[in-house]
file coords-v3.txt (compact mmCIF, N, CA, C and O atoms)
# COMPACT_ATOMS: atom_id res chain seq x y z
N MET A 1411 37.10 -77.31 89.77
CA MET A 1411 36.14 -77.04 90.81
C MET A 1411 36.60 -75.80 91.57
O MET A 1411 37.74 -75.68 91.96
N THR A 1412 35.69 -74.90 91.80
CA THR A 1412 36.03 -73.67 92.50
C THR A 1412 36.02 -73.90 93.99
O THR A 1412 35.47 -74.87 94.49
N VAL A 1413 36.63 -72.98 94.71
CA VAL A 1413 36.68 -73.06 96.16
C VAL A 1413 35.27 -72.96 96.74
O VAL A 1413 34.92 -73.66 97.67
N GLU A 1414 34.44 -72.11 96.14
CA GLU A 1414 33.08 -71.93 96.63
C GLU A 1414 32.28 -73.22 96.50
O GLU A 1414 31.55 -73.60 97.41
N ALA A 1415 32.43 -73.93 95.42
CA ALA A 1415 31.69 -75.17 95.20
C ALA A 1415 32.15 -76.26 96.15
O ALA A 1415 31.35 -77.08 96.61
N SER A 1416 33.42 -76.30 96.48
CA SER A 1416 33.91 -77.37 97.35
C SER A 1416 33.58 -77.13 98.81
O SER A 1416 33.55 -78.06 99.60
N THR A 1417 33.34 -75.90 99.21
CA THR A 1417 33.03 -75.61 100.62
C THR A 1417 31.54 -75.43 100.88
O THR A 1417 31.15 -75.28 102.01
N SER A 1418 30.76 -75.39 99.84
CA SER A 1418 29.32 -75.20 100.05
C SER A 1418 28.71 -76.49 100.60
O SER A 1418 29.18 -77.58 100.34
N VAL A 1419 27.67 -76.31 101.38
CA VAL A 1419 26.98 -77.43 102.00
C VAL A 1419 25.71 -77.68 101.20
O VAL A 1419 24.99 -76.74 100.85
N SER A 1420 25.42 -78.93 100.94
CA SER A 1420 24.23 -79.24 100.13
C SER A 1420 22.95 -78.87 100.88
O SER A 1420 22.93 -78.73 102.11
N ARG A 1421 21.88 -78.73 100.12
CA ARG A 1421 20.58 -78.37 100.69
C ARG A 1421 20.11 -79.46 101.65
O ARG A 1421 19.56 -79.16 102.72
N ASP A 1422 20.34 -80.72 101.31
CA ASP A 1422 19.94 -81.82 102.19
C ASP A 1422 20.72 -81.78 103.51
O ASP A 1422 20.16 -82.04 104.57
N THR A 1423 21.98 -81.46 103.44
CA THR A 1423 22.79 -81.38 104.66
C THR A 1423 22.32 -80.24 105.54
O THR A 1423 22.21 -80.39 106.76
N LYS A 1424 21.99 -79.11 104.92
CA LYS A 1424 21.48 -77.98 105.69
C LYS A 1424 20.15 -78.34 106.35
O LYS A 1424 19.92 -77.99 107.52
N ALA A 1425 19.29 -79.03 105.62
CA ALA A 1425 18.00 -79.43 106.18
C ALA A 1425 18.20 -80.40 107.34
O ALA A 1425 17.52 -80.31 108.37
N MET A 1426 19.13 -81.34 107.19
CA MET A 1426 19.40 -82.29 108.26
C MET A 1426 19.98 -81.60 109.49
O MET A 1426 19.62 -81.94 110.62
N MET A 1427 20.85 -80.63 109.27
CA MET A 1427 21.41 -79.88 110.39
C MET A 1427 20.33 -79.07 111.09
O MET A 1427 20.29 -79.01 112.33
N ALA A 1428 19.43 -78.47 110.33
CA ALA A 1428 18.32 -77.71 110.92
C ALA A 1428 17.42 -78.64 111.72
O ALA A 1428 16.95 -78.28 112.81
N PHE A 1429 17.18 -79.84 111.20
CA PHE A 1429 16.36 -80.81 111.92
C PHE A 1429 17.01 -81.20 113.24
O PHE A 1429 16.35 -81.24 114.28
N GLN A 1430 18.30 -81.49 113.22
CA GLN A 1430 19.01 -81.89 114.43
C GLN A 1430 19.01 -80.77 115.48
O GLN A 1430 18.95 -81.03 116.68
N ASN A 1431 19.06 -79.53 115.02
CA ASN A 1431 19.06 -78.39 115.95
C ASN A 1431 17.69 -78.15 116.58
O ASN A 1431 17.61 -77.72 117.72
N ASP A 1432 16.62 -78.40 115.82
CA ASP A 1432 15.28 -78.04 116.27
C ASP A 1432 14.44 -79.21 116.76
O ASP A 1432 13.33 -79.00 117.23
N ARG A 1433 14.93 -80.42 116.65
CA ARG A 1433 14.13 -81.57 117.08
C ARG A 1433 14.00 -81.57 118.60
O ARG A 1433 14.82 -81.01 119.31
N LYS A 1434 12.93 -82.20 119.07
CA LYS A 1434 12.66 -82.25 120.51
C LYS A 1434 12.99 -83.63 121.05
O LYS A 1434 12.68 -84.65 120.44
N SER A 1435 13.61 -83.65 122.21
CA SER A 1435 14.03 -84.88 122.86
C SER A 1435 12.98 -85.33 123.88
O SER A 1435 12.52 -84.53 124.69
N THR A 1436 12.64 -86.60 123.82
CA THR A 1436 11.71 -87.16 124.79
C THR A 1436 12.31 -87.11 126.19
O THR A 1436 11.60 -86.81 127.17
N GLY A 1437 13.59 -87.36 126.31
CA GLY A 1437 14.26 -87.32 127.62
C GLY A 1437 14.21 -85.95 128.26
O GLY A 1437 13.93 -85.82 129.46
N VAL A 1438 14.46 -84.92 127.47
CA VAL A 1438 14.39 -83.55 128.00
C VAL A 1438 12.96 -83.23 128.41
O VAL A 1438 12.72 -82.62 129.45
N ALA A 1439 12.00 -83.66 127.59
CA ALA A 1439 10.59 -83.40 127.92
C ALA A 1439 10.21 -84.08 129.24
O ALA A 1439 9.49 -83.49 130.06
N TYR A 1440 10.69 -85.31 129.46
CA TYR A 1440 10.40 -85.99 130.73
C TYR A 1440 11.07 -85.29 131.91
O TYR A 1440 10.47 -85.19 132.99
N LEU A 1441 12.27 -84.79 131.73
CA LEU A 1441 12.92 -84.05 132.80
C LEU A 1441 12.15 -82.77 133.13
O LEU A 1441 11.95 -82.43 134.31
N LEU A 1442 11.70 -82.08 132.11
CA LEU A 1442 10.90 -80.88 132.33
C LEU A 1442 9.58 -81.22 133.00
O LEU A 1442 9.10 -80.50 133.87
N TRP A 1443 8.97 -82.34 132.58
CA TRP A 1443 7.72 -82.79 133.20
C TRP A 1443 7.95 -83.08 134.68
O TRP A 1443 7.14 -82.69 135.52
N PHE A 1444 9.03 -83.75 135.00
CA PHE A 1444 9.29 -84.15 136.38
C PHE A 1444 9.55 -82.94 137.29
O PHE A 1444 9.02 -82.86 138.40
N PHE A 1445 10.37 -82.01 136.81
CA PHE A 1445 10.77 -80.90 137.67
C PHE A 1445 9.85 -79.68 137.56
O PHE A 1445 9.62 -78.99 138.55
N LEU A 1446 9.33 -79.40 136.37
CA LEU A 1446 8.53 -78.19 136.17
C LEU A 1446 7.19 -78.47 135.49
O LEU A 1446 6.55 -77.55 134.99
N GLY A 1447 6.79 -79.72 135.46
CA GLY A 1447 5.58 -80.11 134.75
C GLY A 1447 4.32 -79.45 135.28
O GLY A 1447 3.38 -79.21 134.53
N GLY A 1448 4.29 -79.17 136.56
CA GLY A 1448 3.11 -78.53 137.13
C GLY A 1448 2.81 -77.18 136.53
O GLY A 1448 1.68 -76.70 136.58
N PHE A 1449 3.79 -76.57 135.92
CA PHE A 1449 3.61 -75.28 135.28
C PHE A 1449 3.47 -75.42 133.76
O PHE A 1449 3.42 -74.42 133.05
N GLY A 1450 3.45 -76.65 133.26
CA GLY A 1450 3.27 -76.89 131.83
C GLY A 1450 4.51 -76.64 130.99
O GLY A 1450 4.42 -76.52 129.78
N ILE A 1451 5.66 -76.57 131.62
CA ILE A 1451 6.89 -76.24 130.90
C ILE A 1451 7.20 -77.29 129.83
O ILE A 1451 7.68 -76.95 128.75
N HIS A 1452 6.92 -78.56 130.10
CA HIS A 1452 7.16 -79.60 129.11
C HIS A 1452 6.30 -79.37 127.87
O HIS A 1452 6.72 -79.64 126.75
N ARG A 1453 5.10 -78.85 128.04
CA ARG A 1453 4.24 -78.55 126.90
C ARG A 1453 4.75 -77.34 126.11
O ARG A 1453 4.67 -77.32 124.88
N PHE A 1454 5.27 -76.35 126.80
CA PHE A 1454 5.90 -75.22 126.10
C PHE A 1454 7.06 -75.74 125.26
O PHE A 1454 7.22 -75.36 124.10
N TYR A 1455 7.88 -76.61 125.83
CA TYR A 1455 9.04 -77.17 125.13
C TYR A 1455 8.61 -77.93 123.87
O TYR A 1455 9.27 -77.85 122.84
N LEU A 1456 7.50 -78.66 123.96
CA LEU A 1456 7.04 -79.47 122.83
C LEU A 1456 6.18 -78.70 121.85
O LEU A 1456 5.65 -79.27 120.90
N GLY A 1457 6.03 -77.40 122.06
CA GLY A 1457 5.30 -76.58 121.11
C GLY A 1457 3.80 -76.56 121.30
O GLY A 1457 3.07 -76.08 120.44
N LYS A 1458 3.31 -77.04 122.41
CA LYS A 1458 1.87 -77.05 122.71
C LYS A 1458 1.55 -75.84 123.59
O LYS A 1458 1.18 -75.97 124.75
N THR A 1459 1.69 -74.66 123.02
CA THR A 1459 1.61 -73.42 123.80
C THR A 1459 0.24 -73.19 124.42
O THR A 1459 0.15 -72.81 125.59
N THR A 1460 -0.82 -73.42 123.67
CA THR A 1460 -2.16 -73.15 124.20
C THR A 1460 -2.46 -74.02 125.41
O THR A 1460 -2.90 -73.51 126.45
N SER A 1461 -2.22 -75.32 125.29
CA SER A 1461 -2.48 -76.20 126.42
C SER A 1461 -1.49 -75.96 127.56
O SER A 1461 -1.82 -76.17 128.73
N ALA A 1462 -0.29 -75.50 127.24
CA ALA A 1462 0.69 -75.17 128.29
C ALA A 1462 0.21 -73.99 129.12
O ALA A 1462 0.30 -74.01 130.35
N VAL A 1463 -0.33 -72.98 128.45
CA VAL A 1463 -0.86 -71.82 129.17
C VAL A 1463 -2.05 -72.24 130.02
O VAL A 1463 -2.20 -71.82 131.17
N MET A 1464 -2.92 -73.09 129.47
CA MET A 1464 -4.07 -73.58 130.23
C MET A 1464 -3.62 -74.36 131.46
O MET A 1464 -4.19 -74.20 132.55
N MET A 1465 -2.59 -75.19 131.31
CA MET A 1465 -2.09 -75.96 132.44
C MET A 1465 -1.48 -75.04 133.49
O MET A 1465 -1.67 -75.24 134.69
N LEU A 1466 -0.76 -74.04 133.05
CA LEU A 1466 -0.17 -73.08 133.97
C LEU A 1466 -1.25 -72.34 134.75
O LEU A 1466 -1.16 -72.21 135.98
N LEU A 1467 -2.28 -71.89 134.06
CA LEU A 1467 -3.37 -71.17 134.72
C LEU A 1467 -4.13 -72.08 135.68
O LEU A 1467 -4.50 -71.66 136.78
N LEU A 1468 -4.37 -73.33 135.27
CA LEU A 1468 -5.06 -74.27 136.15
C LEU A 1468 -4.23 -74.54 137.40
O LEU A 1468 -4.77 -74.59 138.51
N SER A 1469 -2.95 -74.66 137.24
CA SER A 1469 -2.06 -74.89 138.37
C SER A 1469 -2.10 -73.71 139.34
O SER A 1469 -2.26 -73.89 140.55
N LEU A 1470 -1.95 -72.53 138.81
CA LEU A 1470 -1.97 -71.34 139.66
C LEU A 1470 -3.32 -71.19 140.36
O LEU A 1470 -3.38 -70.91 141.56
N PHE A 1471 -4.40 -71.37 139.61
CA PHE A 1471 -5.74 -71.27 140.19
C PHE A 1471 -5.93 -72.31 141.29
O PHE A 1471 -6.49 -72.02 142.35
N SER A 1472 -5.47 -73.53 141.04
CA SER A 1472 -5.63 -74.61 142.02
C SER A 1472 -4.92 -74.29 143.32
O SER A 1472 -5.48 -74.46 144.40
N TRP A 1473 -3.68 -73.85 143.23
CA TRP A 1473 -2.92 -73.57 144.44
C TRP A 1473 -3.43 -72.34 145.17
O TRP A 1473 -3.41 -72.30 146.40
N LEU A 1474 -3.92 -71.36 144.41
CA LEU A 1474 -4.43 -70.14 145.05
C LEU A 1474 -5.78 -70.36 145.74
O LEU A 1474 -6.11 -69.67 146.69
N THR A 1475 -6.56 -71.32 145.25
CA THR A 1475 -7.88 -71.57 145.84
C THR A 1475 -7.89 -72.84 146.70
O THR A 1475 -8.96 -73.34 147.02
N LEU A 1476 -6.73 -73.31 147.06
CA LEU A 1476 -6.65 -74.53 147.87
C LEU A 1476 -7.31 -74.35 149.24
O LEU A 1476 -7.85 -75.30 149.80
N ALA A 1477 -7.29 -73.14 149.75
CA ALA A 1477 -7.93 -72.89 151.04
C ALA A 1477 -9.45 -73.02 150.95
O ALA A 1477 -10.12 -73.25 151.95
N PHE A 1478 -9.95 -72.91 149.73
CA PHE A 1478 -11.39 -73.09 149.50
C PHE A 1478 -11.61 -74.49 148.96
O PHE A 1478 -10.70 -75.16 148.51
N VAL A 1479 -12.81 -74.95 148.94
CA VAL A 1479 -13.13 -76.31 148.49
C VAL A 1479 -12.81 -76.51 147.02
O VAL A 1479 -12.33 -77.57 146.62
N ILE A 1480 -13.02 -75.50 146.20
CA ILE A 1480 -12.82 -75.65 144.75
C ILE A 1480 -11.38 -75.97 144.40
O ILE A 1480 -11.10 -76.64 143.40
N GLY A 1481 -10.44 -75.53 145.21
CA GLY A 1481 -9.03 -75.80 144.94
C GLY A 1481 -8.69 -77.28 144.92
O GLY A 1481 -7.85 -77.72 144.16
N PHE A 1482 -9.39 -78.06 145.75
CA PHE A 1482 -9.14 -79.50 145.77
C PHE A 1482 -9.60 -80.17 144.48
O PHE A 1482 -8.95 -81.07 143.97
N PHE A 1483 -10.74 -79.72 143.95
CA PHE A 1483 -11.25 -80.30 142.70
C PHE A 1483 -10.36 -79.94 141.52
O PHE A 1483 -10.04 -80.81 140.69
N THR A 1484 -9.96 -78.68 141.43
CA THR A 1484 -9.11 -78.29 140.31
C THR A 1484 -7.71 -78.89 140.43
O THR A 1484 -7.08 -79.20 139.42
N LEU A 1485 -7.26 -79.09 141.66
CA LEU A 1485 -5.97 -79.74 141.86
C LEU A 1485 -6.03 -81.21 141.43
O LEU A 1485 -5.06 -81.74 140.87
N ALA A 1486 -7.17 -81.85 141.63
CA ALA A 1486 -7.34 -83.23 141.18
C ALA A 1486 -7.32 -83.29 139.65
O ALA A 1486 -6.68 -84.19 139.07
N ILE A 1487 -7.98 -82.36 139.00
CA ILE A 1487 -7.96 -82.30 137.53
C ILE A 1487 -6.54 -82.08 137.03
O ILE A 1487 -6.08 -82.73 136.09
N TRP A 1488 -5.85 -81.16 137.67
CA TRP A 1488 -4.46 -80.87 137.31
C TRP A 1488 -3.58 -82.12 137.48
O TRP A 1488 -2.74 -82.42 136.63
N GLY A 1489 -3.77 -82.85 138.57
CA GLY A 1489 -2.99 -84.06 138.82
C GLY A 1489 -3.25 -85.14 137.78
O GLY A 1489 -2.33 -85.82 137.32
N ILE A 1490 -4.51 -85.30 137.39
CA ILE A 1490 -4.85 -86.28 136.35
C ILE A 1490 -4.21 -85.88 135.03
O ILE A 1490 -3.68 -86.72 134.30
N TRP A 1491 -4.26 -84.59 134.72
CA TRP A 1491 -3.65 -84.09 133.49
C TRP A 1491 -2.14 -84.37 133.49
O TRP A 1491 -1.57 -84.78 132.48
N MET A 1492 -1.51 -84.17 134.64
CA MET A 1492 -0.07 -84.46 134.75
C MET A 1492 0.20 -85.95 134.51
O MET A 1492 1.16 -86.31 133.81
N LEU A 1493 -0.63 -86.80 135.07
CA LEU A 1493 -0.47 -88.24 134.89
C LEU A 1493 -0.68 -88.65 133.44
O LEU A 1493 0.07 -89.47 132.89
N VAL A 1494 -1.68 -88.09 132.79
CA VAL A 1494 -1.93 -88.39 131.39
C VAL A 1494 -0.76 -87.94 130.53
O VAL A 1494 -0.34 -88.65 129.60
N ASP A 1495 -0.21 -86.76 130.83
CA ASP A 1495 0.94 -86.27 130.07
C ASP A 1495 2.14 -87.19 130.16
O ASP A 1495 2.95 -87.26 129.23
N LEU A 1496 2.25 -87.91 131.25
CA LEU A 1496 3.34 -88.87 131.40
C LEU A 1496 3.36 -89.86 130.23
O LEU A 1496 4.42 -90.25 129.75
N PHE A 1497 2.17 -90.23 129.75
CA PHE A 1497 2.07 -91.18 128.65
C PHE A 1497 1.99 -90.50 127.28
O PHE A 1497 2.25 -91.14 126.27
N LEU A 1498 1.65 -89.23 127.24
CA LEU A 1498 1.52 -88.51 125.97
C LEU A 1498 2.83 -87.90 125.47
O LEU A 1498 2.94 -87.59 124.29
N ILE A 1499 3.79 -87.73 126.32
CA ILE A 1499 5.04 -87.05 125.94
C ILE A 1499 5.73 -87.70 124.74
O ILE A 1499 6.13 -86.98 123.81
N PRO A 1500 5.90 -89.01 124.68
CA PRO A 1500 6.58 -89.57 123.50
C PRO A 1500 5.86 -89.25 122.19
O PRO A 1500 6.50 -88.91 121.19
N GLY A 1501 4.55 -89.33 122.19
CA GLY A 1501 3.78 -89.02 120.98
C GLY A 1501 3.87 -87.55 120.60
O GLY A 1501 3.94 -87.22 119.41
N MET A 1502 3.85 -86.66 121.60
CA MET A 1502 3.97 -85.24 121.31
C MET A 1502 5.34 -84.91 120.71
O MET A 1502 5.44 -84.13 119.76
N ALA A 1503 6.38 -85.52 121.26
CA ALA A 1503 7.73 -85.29 120.72
C ALA A 1503 7.86 -85.84 119.31
O ALA A 1503 8.41 -85.19 118.43
N ARG A 1504 7.33 -87.04 119.10
CA ARG A 1504 7.39 -87.65 117.78
C ARG A 1504 6.62 -86.81 116.76
O ARG A 1504 7.10 -86.57 115.65
N ALA A 1505 5.42 -86.34 117.12
CA ALA A 1505 4.62 -85.52 116.21
C ALA A 1505 5.33 -84.22 115.87
O ALA A 1505 5.33 -83.79 114.71
N HIS A 1506 5.95 -83.60 116.87
CA HIS A 1506 6.70 -82.36 116.61
C HIS A 1506 7.84 -82.63 115.64
O HIS A 1506 8.04 -81.88 114.68
N ASN A 1507 8.57 -83.70 115.86
CA ASN A 1507 9.71 -84.02 115.00
C ASN A 1507 9.26 -84.38 113.59
O ASN A 1507 9.93 -84.05 112.61
N GLU A 1508 8.12 -85.05 113.46
CA GLU A 1508 7.60 -85.38 112.14
C GLU A 1508 7.16 -84.13 111.39
O GLU A 1508 7.40 -83.99 110.18
N ARG A 1509 6.50 -83.19 112.08
CA ARG A 1509 6.12 -81.93 111.45
C ARG A 1509 7.36 -81.14 111.02
O ARG A 1509 7.38 -80.55 109.95
N LEU A 1510 8.37 -81.16 111.87
CA LEU A 1510 9.61 -80.47 111.54
C LEU A 1510 10.27 -81.08 110.30
O LEU A 1510 10.69 -80.35 109.40
N ALA A 1511 10.32 -82.40 110.26
CA ALA A 1511 10.92 -83.07 109.10
C ALA A 1511 10.13 -82.76 107.82
O ALA A 1511 10.71 -82.54 106.76
N ALA A 1512 8.81 -82.74 107.93
CA ALA A 1512 7.98 -82.44 106.76
C ALA A 1512 8.19 -81.00 106.29
O ALA A 1512 8.24 -80.73 105.08
N SER A 1513 8.32 -80.09 107.24
CA SER A 1513 8.52 -78.68 106.85
C SER A 1513 9.89 -78.46 106.22
O SER A 1513 10.06 -77.55 105.43
N LEU A 1514 10.85 -79.29 106.58
CA LEU A 1514 12.19 -79.19 106.00
C LEU A 1514 12.35 -80.07 104.77
O LEU A 1514 13.41 -80.11 104.16
N SER A 1515 11.28 -80.81 104.43
CA SER A 1515 11.28 -81.72 103.27
C SER A 1515 12.36 -82.78 103.35
O SER A 1515 13.11 -83.01 102.43
N LEU A 1516 12.44 -83.43 104.51
CA LEU A 1516 13.43 -84.52 104.69
C LEU A 1516 12.84 -85.83 104.24
O LEU A 1516 11.73 -86.13 104.36

call {"tool": "encode", "arguments": {"input": "coords-v3.txt", "output": "structure tokens"}}
result
Amino acid sequence: MTVEASTSVSRDTKAMMAFQNDRKSTGVAYLLWFFLGGFGIHRFYLGKTTSAVMMLLLSLFSWLTLAFVIGFFTLAIWGIWMLVDLFLIPGMARAHNERLAASLSL
């Protein structure tokens, strides 16, 4: 057996290491939701970029128009979205991890 063969890492091991490096944690997503969720940071973390940008824009619009009546309505929508995300985070993390595993052929 050559030195190169004994030190090489199998394809399955490399795929598993890549999965462990790129998988998303539900706990981290909840921490991001709690501290920075109003800006959609938890959605950016989970790979939901389009909805994260929409949440960020809705948040900014809501706070900027709070002095007007419309700000209260958009802030209510934003708050409901935040509450719904509280229950969607585990599924979003699981779906991301499943897509990652499928792309790595695990």

call {"tool": "residues_around", "arguments": {"input": "coords-v3.txt", "residues": "Leu1466 (chain A)", "least_positions_apart": "3", "cutoff": "9 Å", "atoms": "only C-alpha atoms", "output": "ChimeraX atom specification"}}
result
/A:1448-1451,1461-1463,1469-1471

call {"tool": "select_by_dssp", "arguments": {"input": "coords-v3.txt", "residues": "region 1412-1516 of chain A", "states": "helix (DSSP H, G or I)", "output": "PyMOL selection string"}}
result
chain A and resi 1413-1417+1421-1432+1436-1449+1451-1455+1459-1474+1479-1513

call {"tool": "closest_residue", "arguments": {"input": "coords-v3.txt", "among": "A:Ala1505, A:Thr1423, A:Ser1472, A:Gly1437", "to": "Ala1486 (chain A)", "atoms": "only N, CA, C and O atoms"}}
result
A:Ser1472

call {"tool": "closest_residue", "arguments": {"input": "coords-v3.txt", "among": "A:Ala1425, A:Val1419, A:Val1438, A:Leu1496", "to": "Tyr1455 (chain A)", "atoms": "only N, CA, C and O atoms"}}
result
A:Val1438

call {"tool": "closest_residue", "arguments": {"input": "coords-v3.txt", "among": "A:Leu1485, A:Val1479, A:Ser1513, A:Thr1436", "to": "Gly1501 (chain A)", "atoms": "all atoms listed in the file"}}
result
A:Thr1436

call {"tool": "atom_distance", "arguments": {"input": "coords-v3.txt", "atom1": "CA of Gln1430 (chain A)", "atom2": "CA of Leu1456 (chain A)"}}
result
14.8 Å

call {"tool": "closest_residue", "arguments": {"input": "coords-v3.txt", "among": "A:Thr1459, A:Gly1447, A:Ala1512, A:Pro1500", "to": "Ser1435 (chain A)", "atoms": "all atoms listed in the file"}}
result
A:Pro1500

call {"tool": "closest_residue", "arguments": {"input": "coords-v3.txt", "among": "A:Ala1503, A:Leu1476, A:Met1427, A:Met1465", "to": "Trp1488 (chain A)", "atoms": "only C-alpha atoms"}}
result
A:Met1465

call {"tool": "atom_distance", "arguments": {"input": "coords-v3.txt", "atom1": "CA of Leu1498 (chain A)", "atom2": "atom C of Phe1444 (chain A)"}}
result
15.0 Å

call {"tool": "atom_distance", "arguments": {"input": "coords-v3.txt", "atom1": "CA of Thr1460 (chain A)", "atom2": "atom N of Arg1504 (chain A)"}}
result
17.6 Å

call {"tool": "closest_residue", "arguments": {"input": "coords-v3.txt", "among": "A:Asp1495, A:Lys1434, A:Trp1443, A:Ile1480", "to": "Asn1507 (chain A)", "atoms": "all atoms listed in the file"}}
result
A:Lys1434

call {"tool": "axis_aligned_box", "arguments": {"input": "coords-v3.txt", "around": "region 1506-1511 of chain A", "padding_each_side": "6 Å", "output": "lines of an AutoDock Vina configuration file"}}
result
center_x = 8.4
center_y = -82.9
center_z = 111.8
size_x = 17.0
size_y = 17.0
size_z = 22.1

call {"tool": "build_atoms", "arguments": {"input": "coords-v3.txt", "residues": "region 1426-1433 of chain A", "atoms": "all heavy atoms", "output": "PDB file, in the frame of the given file"}}
result
ATOM      1  N   MET A1426      19.130 -81.340 107.190  1.00  0.00           N
ATOM      2  CA  MET A1426      19.400 -82.290 108.260  1.00  0.00           C
ATOM      3  C   MET A1426      19.980 -81.600 109.490  1.00  0.00           C
ATOM      4  O   MET A1426      19.620 -81.940 110.620  1.00  0.00           O
ATOM      5  CB  MET A1426      20.347 -83.393 107.767  1.00  0.00           C
ATOM      6  CG  MET A1426      20.387 -84.566 108.673  1.00  0.00           C
ATOM      7  SD  MET A1426      18.736 -85.238 108.881  1.00  0.00           S
ATOM      8  CE  MET A1426      19.042 -86.920 108.628  1.00  0.00           C
ATOM      9  N   MET A1427      20.850 -80.630 109.270  1.00  0.00           N
ATOM     10  CA  MET A1427      21.410 -79.880 110.390  1.00  0.00           C
ATOM     11  C   MET A1427      20.330 -79.070 111.090  1.00  0.00           C
ATOM     12  O   MET A1427      20.290 -79.010 112.330  1.00  0.00           O
ATOM     13  CB  MET A1427      22.542 -78.974 109.898  1.00  0.00           C
ATOM     14  CG  MET A1427      23.796 -79.748 109.514  1.00  0.00           C
ATOM     15  SD  MET A1427      25.088 -78.823 108.642  1.00  0.00           S
ATOM     16  CE  MET A1427      25.111 -77.244 109.404  1.00  0.00           C
ATOM     17  N   ALA A1428      19.430 -78.470 110.330  1.00  0.00           N
ATOM     18  CA  ALA A1428      18.320 -77.710 110.920  1.00  0.00           C
ATOM     19  C   ALA A1428      17.420 -78.640 111.720  1.00  0.00           C
ATOM     20  O   ALA A1428      16.950 -78.280 112.810  1.00  0.00           O
ATOM     21  CB  ALA A1428      17.529 -77.004 109.831  1.00  0.00           C
ATOM     22  N   PHE A1429      17.180 -79.840 111.200  1.00  0.00           N
ATOM     23  CA  PHE A1429      16.360 -80.810 111.920  1.00  0.00           C
ATOM     24  C   PHE A1429      17.010 -81.200 113.240  1.00  0.00           C
ATOM     25  O   PHE A1429      16.350 -81.240 114.280  1.00  0.00           O
ATOM     26  CB  PHE A1429      16.125 -82.054 111.060  1.00  0.00           C
ATOM     27  CG  PHE A1429      15.365 -83.130 111.776  1.00  0.00           C
ATOM     28  CD1 PHE A1429      13.997 -83.031 111.941  1.00  0.00           C
ATOM     29  CD2 PHE A1429      16.025 -84.233 112.296  1.00  0.00           C
ATOM     30  CE1 PHE A1429      13.292 -84.019 112.615  1.00  0.00           C
ATOM     31  CE2 PHE A1429      15.328 -85.221 112.971  1.00  0.00           C
ATOM     32  CZ  PHE A1429      13.956 -85.112 113.131  1.00  0.00           C
ATOM     33  N   GLN A1430      18.300 -81.490 113.220  1.00  0.00           N
ATOM     34  CA  GLN A1430      19.010 -81.890 114.430  1.00  0.00           C
ATOM     35  C   GLN A1430      19.010 -80.770 115.480  1.00  0.00           C
ATOM     36  O   GLN A1430      18.950 -81.030 116.680  1.00  0.00           O
ATOM     37  CB  GLN A1430      20.454 -82.305 114.118  1.00  0.00           C
ATOM     38  CG  GLN A1430      20.554 -83.609 113.354  1.00  0.00           C
ATOM     39  CD  GLN A1430      19.987 -84.776 114.140  1.00  0.00           C
ATOM     40  OE1 GLN A1430      20.087 -84.846 115.352  1.00  0.00           O
ATOM     41  NE2 GLN A1430      19.362 -85.712 113.426  1.00  0.00           N
ATOM     42  N   ASN A1431      19.060 -79.530 115.020  1.00  0.00           N
ATOM     43  CA  ASN A1431      19.060 -78.390 115.950  1.00  0.00           C
ATOM     44  C   ASN A1431      17.690 -78.150 116.580  1.00  0.00           C
ATOM     45  O   ASN A1431      17.610 -77.720 117.720  1.00  0.00           O
ATOM     46  CB  ASN A1431      19.522 -77.119 115.257  1.00  0.00           C
ATOM     47  CG  ASN A1431      21.005 -77.105 115.026  1.00  0.00           C
ATOM     48  OD1 ASN A1431      21.758 -77.756 115.734  1.00  0.00           O
ATOM     49  ND2 ASN A1431      21.429 -76.369 114.022  1.00  0.00           N
ATOM     50  N   ASP A1432      16.620 -78.400 115.820  1.00  0.00           N
ATOM     51  CA  ASP A1432      15.280 -78.040 116.270  1.00  0.00           C
ATOM     52  C   ASP A1432      14.440 -79.210 116.760  1.00  0.00           C
ATOM     53  O   ASP A1432      13.330 -79.000 117.230  1.00  0.00           O
ATOM     54  CB  ASP A1432      14.527 -77.331 115.137  1.00  0.00           C
ATOM     55  CG  ASP A1432      15.163 -76.014 114.772  1.00  0.00           C
ATOM     56  OD1 ASP A1432      15.879 -75.447 115.618  1.00  0.00           O
ATOM     57  OD2 ASP A1432      14.952 -75.539 113.634  1.00  0.00           O
ATOM     58  N   ARG A1433      14.930 -80.420 116.650  1.00  0.00           N
ATOM     59  CA  ARG A1433      14.130 -81.570 117.080  1.00  0.00           C
ATOM     60  C   ARG A1433      14.000 -81.570 118.600  1.00  0.00           C
ATOM     61  O   ARG A1433      14.820 -81.010 119.310  1.00  0.00           O
ATOM     62  CB  ARG A1433      14.722 -82.880 116.588  1.00  0.00           C
ATOM     63  CG  ARG A1433      15.983 -83.294 117.279  1.00  0.00           C
ATOM     64  CD  ARG A1433      16.529 -84.586 116.683  1.00  0.00           C
ATOM     65  NE  ARG A1433      17.716 -84.995 117.385  1.00  0.00           N
ATOM     66  CZ  ARG A1433      17.711 -85.784 118.453  1.00  0.00           C
ATOM     67  NH1 ARG A1433      16.582 -86.264 118.911  1.00  0.00           N
ATOM     68  NH2 ARG A1433      18.832 -86.096 119.049  1.00  0.00           N
TER      69      ARG A1433
END
